[in-house]
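Below: work12.txt (compact mmCIF, N, CA and C atoms)
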# COMPACT_ATOMS: atom_id res chain seq x y z
N MET Y 1 188.15 93.19 -59.16
CA MET Y 1 188.81 94.34 -59.76
C MET Y 1 187.96 95.58 -59.50
N THR Y 2 188.62 96.63 -59.07
CA THR Y 2 187.97 97.91 -58.81
C THR Y 2 188.47 98.93 -59.83
N TYR Y 3 187.57 99.79 -60.26
CA TYR Y 3 187.92 100.90 -61.13
C TYR Y 3 188.01 102.16 -60.29
N TRP Y 4 189.06 102.94 -60.53
CA TRP Y 4 189.31 104.18 -59.80
C TRP Y 4 189.44 105.33 -60.78
N LEU Y 5 188.86 106.47 -60.45
CA LEU Y 5 189.14 107.70 -61.17
C LEU Y 5 190.29 108.35 -60.42
N LYS Y 6 191.43 108.47 -61.07
CA LYS Y 6 192.66 108.97 -60.44
C LYS Y 6 192.96 110.35 -61.00
N ALA Y 7 192.89 111.36 -60.13
CA ALA Y 7 193.11 112.75 -60.53
C ALA Y 7 194.60 113.07 -60.56
N PHE Y 8 194.97 113.84 -61.57
CA PHE Y 8 196.33 114.37 -61.69
C PHE Y 8 196.25 115.85 -61.99
N GLY Y 9 197.13 116.62 -61.37
CA GLY Y 9 197.18 118.06 -61.58
C GLY Y 9 196.17 118.79 -60.72
N LEU Y 10 196.21 120.10 -60.84
CA LEU Y 10 195.30 121.00 -60.14
C LEU Y 10 194.79 122.02 -61.16
N VAL Y 11 193.70 122.68 -60.84
CA VAL Y 11 193.20 123.71 -61.74
C VAL Y 11 194.28 124.75 -61.98
N GLN Y 12 194.96 125.18 -60.91
CA GLN Y 12 195.99 126.21 -61.03
C GLN Y 12 197.34 125.65 -61.48
N ALA Y 13 197.49 124.34 -61.50
CA ALA Y 13 198.74 123.70 -61.95
C ALA Y 13 198.38 122.41 -62.70
N PRO Y 14 197.87 122.56 -63.93
CA PRO Y 14 197.40 121.39 -64.68
C PRO Y 14 198.53 120.46 -65.12
N VAL Y 15 198.14 119.23 -65.44
CA VAL Y 15 199.07 118.26 -66.02
C VAL Y 15 199.54 118.83 -67.36
N GLU Y 16 200.81 118.67 -67.64
CA GLU Y 16 201.35 119.14 -68.92
C GLU Y 16 200.67 118.41 -70.07
N ASP Y 17 200.42 119.12 -71.16
CA ASP Y 17 199.77 118.50 -72.32
C ASP Y 17 200.57 117.30 -72.80
N ASP Y 18 201.88 117.42 -72.81
CA ASP Y 18 202.78 116.34 -73.22
C ASP Y 18 203.13 115.51 -71.97
N TRP Y 19 202.12 114.99 -71.32
CA TRP Y 19 202.21 114.37 -69.99
C TRP Y 19 203.16 113.20 -69.90
N LYS Y 20 203.39 112.49 -71.01
CA LYS Y 20 204.28 111.33 -70.96
C LYS Y 20 205.74 111.74 -70.73
N GLN Y 21 206.04 113.00 -70.95
CA GLN Y 21 207.40 113.49 -70.72
C GLN Y 21 207.59 114.02 -69.30
N HIS Y 22 206.49 114.18 -68.56
CA HIS Y 22 206.54 114.72 -67.20
C HIS Y 22 207.41 113.84 -66.30
N HIS Y 23 208.42 114.43 -65.71
CA HIS Y 23 209.34 113.70 -64.81
C HIS Y 23 209.81 112.38 -65.45
N ASP Y 24 210.26 112.49 -66.70
CA ASP Y 24 210.81 111.34 -67.42
C ASP Y 24 209.82 110.18 -67.53
N GLY Y 25 208.55 110.49 -67.77
CA GLY Y 25 207.54 109.46 -67.97
C GLY Y 25 207.01 108.83 -66.70
N LEU Y 26 207.16 109.50 -65.58
CA LEU Y 26 206.74 108.96 -64.29
C LEU Y 26 205.33 108.38 -64.31
N LEU Y 27 204.37 109.12 -64.88
CA LEU Y 27 202.97 108.69 -64.82
C LEU Y 27 202.66 107.49 -65.71
N THR Y 28 203.57 107.14 -66.60
CA THR Y 28 203.38 105.93 -67.42
C THR Y 28 203.85 104.68 -66.67
N ARG Y 29 204.57 104.88 -65.55
CA ARG Y 29 205.10 103.76 -64.77
C ARG Y 29 204.50 103.64 -63.38
N THR Y 30 204.01 104.76 -62.85
CA THR Y 30 203.51 104.75 -61.48
C THR Y 30 202.41 105.78 -61.31
N ALA Y 31 201.41 105.43 -60.52
CA ALA Y 31 200.40 106.39 -60.09
C ALA Y 31 200.81 106.85 -58.70
N THR Y 32 200.67 108.12 -58.44
CA THR Y 32 201.13 108.69 -57.17
C THR Y 32 199.95 109.15 -56.33
N PHE Y 33 200.12 109.04 -55.01
CA PHE Y 33 199.07 109.38 -54.06
C PHE Y 33 199.67 110.11 -52.87
N PRO Y 34 198.96 111.09 -52.31
CA PRO Y 34 199.48 111.78 -51.13
C PRO Y 34 199.39 110.92 -49.86
N ARG Y 35 198.46 109.97 -49.85
CA ARG Y 35 198.28 109.05 -48.71
C ARG Y 35 198.16 107.64 -49.25
N ARG Y 36 198.30 106.67 -48.37
CA ARG Y 36 198.17 105.26 -48.78
C ARG Y 36 196.82 105.05 -49.45
N SER Y 37 196.82 104.42 -50.58
CA SER Y 37 195.62 104.20 -51.39
C SER Y 37 195.09 102.79 -51.16
N GLY Y 38 193.83 102.60 -51.50
CA GLY Y 38 193.21 101.27 -51.44
C GLY Y 38 193.36 100.49 -52.73
N VAL Y 39 194.13 101.00 -53.68
CA VAL Y 39 194.34 100.34 -54.96
C VAL Y 39 195.08 99.03 -54.75
N ARG Y 40 194.66 98.00 -55.48
CA ARG Y 40 195.26 96.66 -55.40
C ARG Y 40 195.68 96.20 -56.80
N PRO Y 41 196.63 95.27 -56.89
CA PRO Y 41 197.02 94.75 -58.20
C PRO Y 41 195.80 94.25 -58.97
N GLY Y 42 195.75 94.60 -60.26
CA GLY Y 42 194.63 94.22 -61.11
C GLY Y 42 193.56 95.28 -61.21
N ASP Y 43 193.54 96.24 -60.28
CA ASP Y 43 192.59 97.35 -60.36
C ASP Y 43 192.92 98.21 -61.57
N ARG Y 44 191.92 98.93 -62.04
CA ARG Y 44 192.09 99.84 -63.17
C ARG Y 44 192.06 101.28 -62.66
N LEU Y 45 193.00 102.09 -63.14
CA LEU Y 45 193.05 103.51 -62.81
C LEU Y 45 192.73 104.31 -64.06
N VAL Y 46 191.68 105.09 -63.99
CA VAL Y 46 191.27 105.95 -65.09
C VAL Y 46 191.89 107.32 -64.81
N TYR Y 47 192.88 107.68 -65.60
CA TYR Y 47 193.63 108.93 -65.40
C TYR Y 47 192.79 110.13 -65.82
N TYR Y 48 192.66 111.08 -64.89
CA TYR Y 48 191.86 112.27 -65.12
C TYR Y 48 192.72 113.53 -64.93
N ALA Y 49 192.74 114.40 -65.93
CA ALA Y 49 193.47 115.67 -65.87
C ALA Y 49 192.52 116.74 -65.33
N VAL Y 50 192.74 117.15 -64.10
CA VAL Y 50 191.85 118.07 -63.41
C VAL Y 50 191.66 119.38 -64.17
N GLY Y 51 192.74 120.03 -64.56
CA GLY Y 51 192.64 121.32 -65.23
C GLY Y 51 191.94 121.28 -66.57
N GLU Y 52 192.12 120.20 -67.30
CA GLU Y 52 191.52 120.08 -68.63
C GLU Y 52 190.16 119.38 -68.60
N ARG Y 53 189.86 118.72 -67.46
CA ARG Y 53 188.58 118.00 -67.28
C ARG Y 53 188.41 116.88 -68.29
N VAL Y 54 189.50 116.15 -68.56
CA VAL Y 54 189.42 115.04 -69.51
C VAL Y 54 190.09 113.79 -68.93
N VAL Y 55 189.64 112.65 -69.41
CA VAL Y 55 190.27 111.37 -69.11
C VAL Y 55 191.30 111.14 -70.20
N PHE Y 56 192.53 110.79 -69.81
CA PHE Y 56 193.59 110.65 -70.81
C PHE Y 56 194.30 109.31 -70.78
N GLY Y 57 193.81 108.38 -69.97
CA GLY Y 57 194.41 107.05 -69.97
C GLY Y 57 193.70 106.10 -69.03
N VAL Y 58 193.91 104.82 -69.28
CA VAL Y 58 193.46 103.76 -68.37
C VAL Y 58 194.66 102.87 -68.15
N TYR Y 59 194.99 102.66 -66.87
CA TYR Y 59 196.16 101.88 -66.49
C TYR Y 59 195.77 100.78 -65.52
N GLU Y 60 196.51 99.68 -65.55
CA GLU Y 60 196.29 98.59 -64.61
C GLU Y 60 197.33 98.67 -63.50
N ALA Y 61 196.86 98.56 -62.26
CA ALA Y 61 197.77 98.54 -61.11
C ALA Y 61 198.51 97.21 -61.09
N MET Y 62 199.82 97.29 -60.91
CA MET Y 62 200.68 96.10 -60.91
C MET Y 62 201.28 95.81 -59.54
N SER Y 63 201.04 96.70 -58.56
CA SER Y 63 201.63 96.52 -57.24
C SER Y 63 200.67 97.04 -56.18
N LEU Y 64 200.95 96.67 -54.96
CA LEU Y 64 200.30 97.31 -53.83
C LEU Y 64 200.93 98.69 -53.66
N PRO Y 65 200.25 99.60 -52.97
CA PRO Y 65 200.87 100.90 -52.70
C PRO Y 65 202.13 100.72 -51.87
N PHE Y 66 203.16 101.49 -52.21
CA PHE Y 66 204.38 101.46 -51.43
C PHE Y 66 204.84 102.88 -51.17
N ASN Y 67 205.48 103.05 -50.04
CA ASN Y 67 205.95 104.37 -49.63
C ASN Y 67 207.27 104.65 -50.32
N ALA Y 68 207.33 105.79 -50.95
CA ALA Y 68 208.55 106.18 -51.66
C ALA Y 68 209.57 106.71 -50.67
N GLU Y 69 210.64 107.22 -51.18
CA GLU Y 69 211.70 107.81 -50.35
C GLU Y 69 211.13 108.94 -49.49
N PRO Y 70 211.67 109.18 -48.32
CA PRO Y 70 211.15 110.22 -47.42
C PRO Y 70 211.05 111.61 -48.04
N ASP Y 71 211.94 111.96 -48.96
CA ASP Y 71 211.90 113.29 -49.55
C ASP Y 71 211.09 113.34 -50.86
N ASP Y 72 210.44 112.24 -51.21
CA ASP Y 72 209.62 112.19 -52.43
C ASP Y 72 208.33 112.96 -52.19
N PRO Y 73 208.04 113.99 -53.01
CA PRO Y 73 206.85 114.80 -52.77
C PRO Y 73 205.53 114.07 -53.03
N TRP Y 74 205.58 112.93 -53.72
CA TRP Y 74 204.35 112.22 -54.03
C TRP Y 74 203.99 111.17 -52.99
N GLY Y 75 204.87 110.85 -52.08
CA GLY Y 75 204.53 109.96 -50.97
C GLY Y 75 204.34 108.51 -51.33
N TRP Y 76 203.18 108.14 -51.79
CA TRP Y 76 202.84 106.74 -52.08
C TRP Y 76 202.76 106.51 -53.59
N HIS Y 77 203.19 105.33 -54.00
CA HIS Y 77 203.20 104.97 -55.42
C HIS Y 77 202.54 103.62 -55.63
N VAL Y 78 202.00 103.43 -56.82
CA VAL Y 78 201.51 102.13 -57.28
C VAL Y 78 202.09 101.95 -58.68
N LYS Y 79 202.78 100.83 -58.89
CA LYS Y 79 203.30 100.56 -60.24
C LYS Y 79 202.12 100.26 -61.16
N VAL Y 80 202.20 100.77 -62.39
CA VAL Y 80 201.11 100.62 -63.36
C VAL Y 80 201.64 100.22 -64.73
N THR Y 81 200.74 99.68 -65.53
CA THR Y 81 201.03 99.38 -66.93
C THR Y 81 199.86 99.89 -67.76
N PRO Y 82 200.13 100.42 -68.96
CA PRO Y 82 199.04 101.02 -69.75
C PRO Y 82 198.10 99.99 -70.35
N ILE Y 83 196.83 100.37 -70.38
CA ILE Y 83 195.82 99.62 -71.14
C ILE Y 83 195.51 100.42 -72.39
N VAL Y 84 195.24 101.72 -72.18
CA VAL Y 84 195.01 102.65 -73.29
C VAL Y 84 195.32 104.06 -72.78
N ASP Y 85 195.91 104.87 -73.64
CA ASP Y 85 196.16 106.26 -73.28
C ASP Y 85 196.31 107.09 -74.54
N VAL Y 86 196.37 108.39 -74.35
CA VAL Y 86 196.60 109.31 -75.47
C VAL Y 86 197.94 109.99 -75.25
N ASP Y 87 198.55 110.45 -76.33
CA ASP Y 87 199.85 111.09 -76.21
C ASP Y 87 199.78 112.49 -75.61
N PHE Y 88 198.67 113.17 -75.84
CA PHE Y 88 198.50 114.54 -75.36
C PHE Y 88 197.19 114.67 -74.59
N VAL Y 89 197.24 115.36 -73.47
CA VAL Y 89 196.05 115.53 -72.63
C VAL Y 89 194.90 116.12 -73.44
N HIS Y 90 195.18 117.07 -74.32
CA HIS Y 90 194.09 117.71 -75.08
C HIS Y 90 193.33 116.72 -75.96
N ASP Y 91 193.87 115.53 -76.20
CA ASP Y 91 193.18 114.49 -76.98
C ASP Y 91 192.32 113.59 -76.10
N GLY Y 92 192.24 113.88 -74.81
CA GLY Y 92 191.46 113.05 -73.89
C GLY Y 92 189.97 113.17 -74.10
N VAL Y 93 189.23 112.33 -73.39
CA VAL Y 93 187.77 112.27 -73.46
C VAL Y 93 187.20 113.10 -72.31
N PRO Y 94 186.22 113.96 -72.57
CA PRO Y 94 185.63 114.75 -71.49
C PRO Y 94 185.11 113.86 -70.36
N LEU Y 95 185.40 114.24 -69.13
CA LEU Y 95 184.98 113.46 -67.97
C LEU Y 95 183.47 113.25 -67.94
N GLU Y 96 182.71 114.20 -68.41
CA GLU Y 96 181.25 114.12 -68.38
C GLU Y 96 180.72 112.88 -69.09
N VAL Y 97 181.48 112.33 -70.02
CA VAL Y 97 181.06 111.12 -70.73
C VAL Y 97 180.86 109.96 -69.76
N LEU Y 98 181.60 109.97 -68.65
CA LEU Y 98 181.50 108.88 -67.67
C LEU Y 98 180.39 109.09 -66.64
N ASN Y 99 179.77 110.27 -66.62
CA ASN Y 99 178.70 110.51 -65.65
C ASN Y 99 177.51 109.61 -65.94
N ILE Y 100 177.12 108.81 -64.95
CA ILE Y 100 176.02 107.86 -65.08
C ILE Y 100 175.09 108.04 -63.88
N ASP Y 101 173.80 107.85 -64.10
CA ASP Y 101 172.81 107.88 -63.02
C ASP Y 101 172.88 109.16 -62.18
N GLY Y 102 173.16 110.27 -62.83
CA GLY Y 102 173.14 111.56 -62.15
C GLY Y 102 174.36 111.88 -61.30
N ARG Y 103 175.34 111.00 -61.26
CA ARG Y 103 176.54 111.28 -60.47
C ARG Y 103 177.47 112.20 -61.26
N ASP Y 104 177.82 113.32 -60.69
CA ASP Y 104 178.75 114.27 -61.30
C ASP Y 104 180.15 113.93 -60.82
N LEU Y 105 180.92 113.24 -61.66
CA LEU Y 105 182.25 112.79 -61.24
C LEU Y 105 183.20 113.94 -60.94
N ARG Y 106 183.06 115.02 -61.67
CA ARG Y 106 183.93 116.17 -61.40
C ARG Y 106 183.71 116.68 -59.98
N ARG Y 107 182.49 116.71 -59.58
CA ARG Y 107 182.17 117.14 -58.21
C ARG Y 107 182.61 116.09 -57.19
N SER Y 108 182.43 114.83 -57.51
CA SER Y 108 182.80 113.75 -56.59
C SER Y 108 184.30 113.65 -56.35
N ILE Y 109 185.11 113.95 -57.36
CA ILE Y 109 186.57 113.81 -57.24
C ILE Y 109 187.20 114.99 -56.50
N ARG Y 110 186.50 116.11 -56.38
CA ARG Y 110 187.05 117.27 -55.68
C ARG Y 110 187.53 116.86 -54.29
N GLN Y 111 188.67 117.37 -53.91
CA GLN Y 111 189.26 117.12 -52.60
C GLN Y 111 189.76 115.69 -52.41
N HIS Y 112 189.80 114.90 -53.48
CA HIS Y 112 190.29 113.52 -53.40
C HIS Y 112 191.32 113.30 -54.51
N SER Y 113 192.27 112.41 -54.25
CA SER Y 113 193.22 112.07 -55.31
C SER Y 113 192.68 110.92 -56.17
N ALA Y 114 191.72 110.17 -55.61
CA ALA Y 114 191.11 109.06 -56.37
C ALA Y 114 189.78 108.71 -55.73
N ILE Y 115 188.82 108.29 -56.58
CA ILE Y 115 187.54 107.79 -56.09
C ILE Y 115 187.21 106.50 -56.83
N ARG Y 116 186.45 105.64 -56.18
CA ARG Y 116 186.01 104.40 -56.83
C ARG Y 116 184.92 104.72 -57.85
N LEU Y 117 184.97 104.02 -58.95
CA LEU Y 117 183.95 104.14 -59.98
C LEU Y 117 183.04 102.92 -59.91
N THR Y 118 181.79 103.10 -60.31
CA THR Y 118 180.89 101.96 -60.43
C THR Y 118 181.21 101.24 -61.73
N ARG Y 119 180.76 100.03 -61.87
CA ARG Y 119 180.98 99.26 -63.10
C ARG Y 119 180.41 100.02 -64.30
N ALA Y 120 179.24 100.62 -64.15
CA ALA Y 120 178.61 101.36 -65.25
C ALA Y 120 179.44 102.56 -65.68
N GLU Y 121 180.03 103.24 -64.71
CA GLU Y 121 180.84 104.41 -65.04
C GLU Y 121 182.08 103.99 -65.79
Mind turning this structure into structure tokens?
Amino acid sequence: MTYWLKAFGLVQAPVEDDWKQHHDGLLTRTATFPRRSGVRPGDRLVYYAVGERVVFGVYEAMSLPFNAEPDDPWGWHVKVTPIVDVDFVHDGVPLEVLNIDGRDLRRSIRQHSAIRLTRAE
């Protein structure tokens, strides 16, 4: 099992605070990626809200990545099921809590939609 920090939103376009309502609950059922991901069934995805700099959920991958419809703006999807999450992004845990051994996760996730986490993180 691999742990992934999965980024959602942008600084200039953050995830909605009421994120479970976004696109009819899309993020509670699937994690989206611009390119094919290395995520495998059983992996854990730690949801990170880029604009708010908080972790707001942990989800288990239930499928291999699959390519969505050609006109789908998110490209690749992985079906997920919740392990733990919060109802509102503002109730999330600051990302800095996961920084271990001097690794700055906020800096590491820049320019990536997901990065692997160490077991300690």
- Message: Here is a test: counting all atoms listed in the file, which residue of Y:Phe56, Y:Phe33, Y:Tyr47, Y:Trp4 is nearest to Trp74 of chain Y?
- Response: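 Nearest to Trp74 of chain Y: Y:Phe33.
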- Find the distance between atom CA of Glu96 of chain Y and atom CA of Val55 of chain Y and write it in Å to one decimal.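 Separation between atom CA of Glu96 of chain Y and atom CA of Val55 of chain Y: 9.5 Å.
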Neighbouring residues of Ile115 of chain Y were defined as those with any atom within 9 Å, considering only C-alpha atoms; residues of the same chain fewer than 3 positions away were excluded. Please report them as a CSV table (one decimal) with N, CA and C atoms, in the frame of the given file.
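Output (part.csv):
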chain,number,residue,atom,x,y,z
Y,3,TYR,N,187.6,99.8,-60.3
Y,3,TYR,CA,187.9,100.9,-61.1
Y,3,TYR,C,188.0,102.2,-60.3
Y,4,TRP,N,189.1,102.9,-60.5
Y,4,TRP,CA,189.3,104.2,-59.8
Y,4,TRP,C,189.4,105.3,-60.8
Y,5,LEU,N,188.9,106.5,-60.4
Y,5,LEU,CA,189.1,107.7,-61.2
Y,5,LEU,C,190.3,108.4,-60.4
Y,6,LYS,N,191.4,108.5,-61.1
Y,6,LYS,CA,192.7,109.0,-60.4
Y,6,LYS,C,193.0,110.4,-61.0
Y,7,ALA,N,192.9,111.4,-60.1
Y,7,ALA,CA,193.1,112.8,-60.5
Y,7,ALA,C,194.6,113.1,-60.6
Y,105,LEU,N,180.9,113.2,-61.7
Y,105,LEU,CA,182.2,112.8,-61.2
Y,105,LEU,C,183.2,113.9,-60.9
Y,108,SER,N,182.4,114.8,-57.5
Y,108,SER,CA,182.8,113.8,-56.6
Y,108,SER,C,184.3,113.6,-56.4
Y,109,ILE,N,185.1,114.0,-57.4
Y,109,ILE,CA,186.6,113.8,-57.2
Y,109,ILE,C,187.2,115.0,-56.5
Y,112,HIS,N,189.8,114.9,-53.5
Y,112,HIS,CA,190.3,113.5,-53.4
Y,112,HIS,C,191.3,113.3,-54.5
- Message: Would you pick out the contacts of Arg36 of chain Y at 8 Å or less, using only N, CA and C atoms, so that residues sharing its chain but fewer than 4 positions from it are not included, and give the list as a count of residues only?
- Response: 6
- Any idea what the distance is between atom CA of Glu60 of chain Y and atom C of Ser37 of chain Y?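 Computing the Euclidean distance for atom CA of Glu60 of chain Y and atom C of Ser37 of chain Y yields 14.1 Å.
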- Enter the distance from atom C of Pro73 of chain Y to atom N of Gly57 of chain Y, in Å, rounded to one decimal.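 That distance, rounded to one decimal, is 21.4 Å.
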- Message: When you look at Leu10 of chain Y with a cut-off of 10 Å (counting only C-alpha atoms), what residues show up, excluding the ones that are within fewer than 5 positions of it in the same chain? I need them as a count of residues only.
- Response: 5
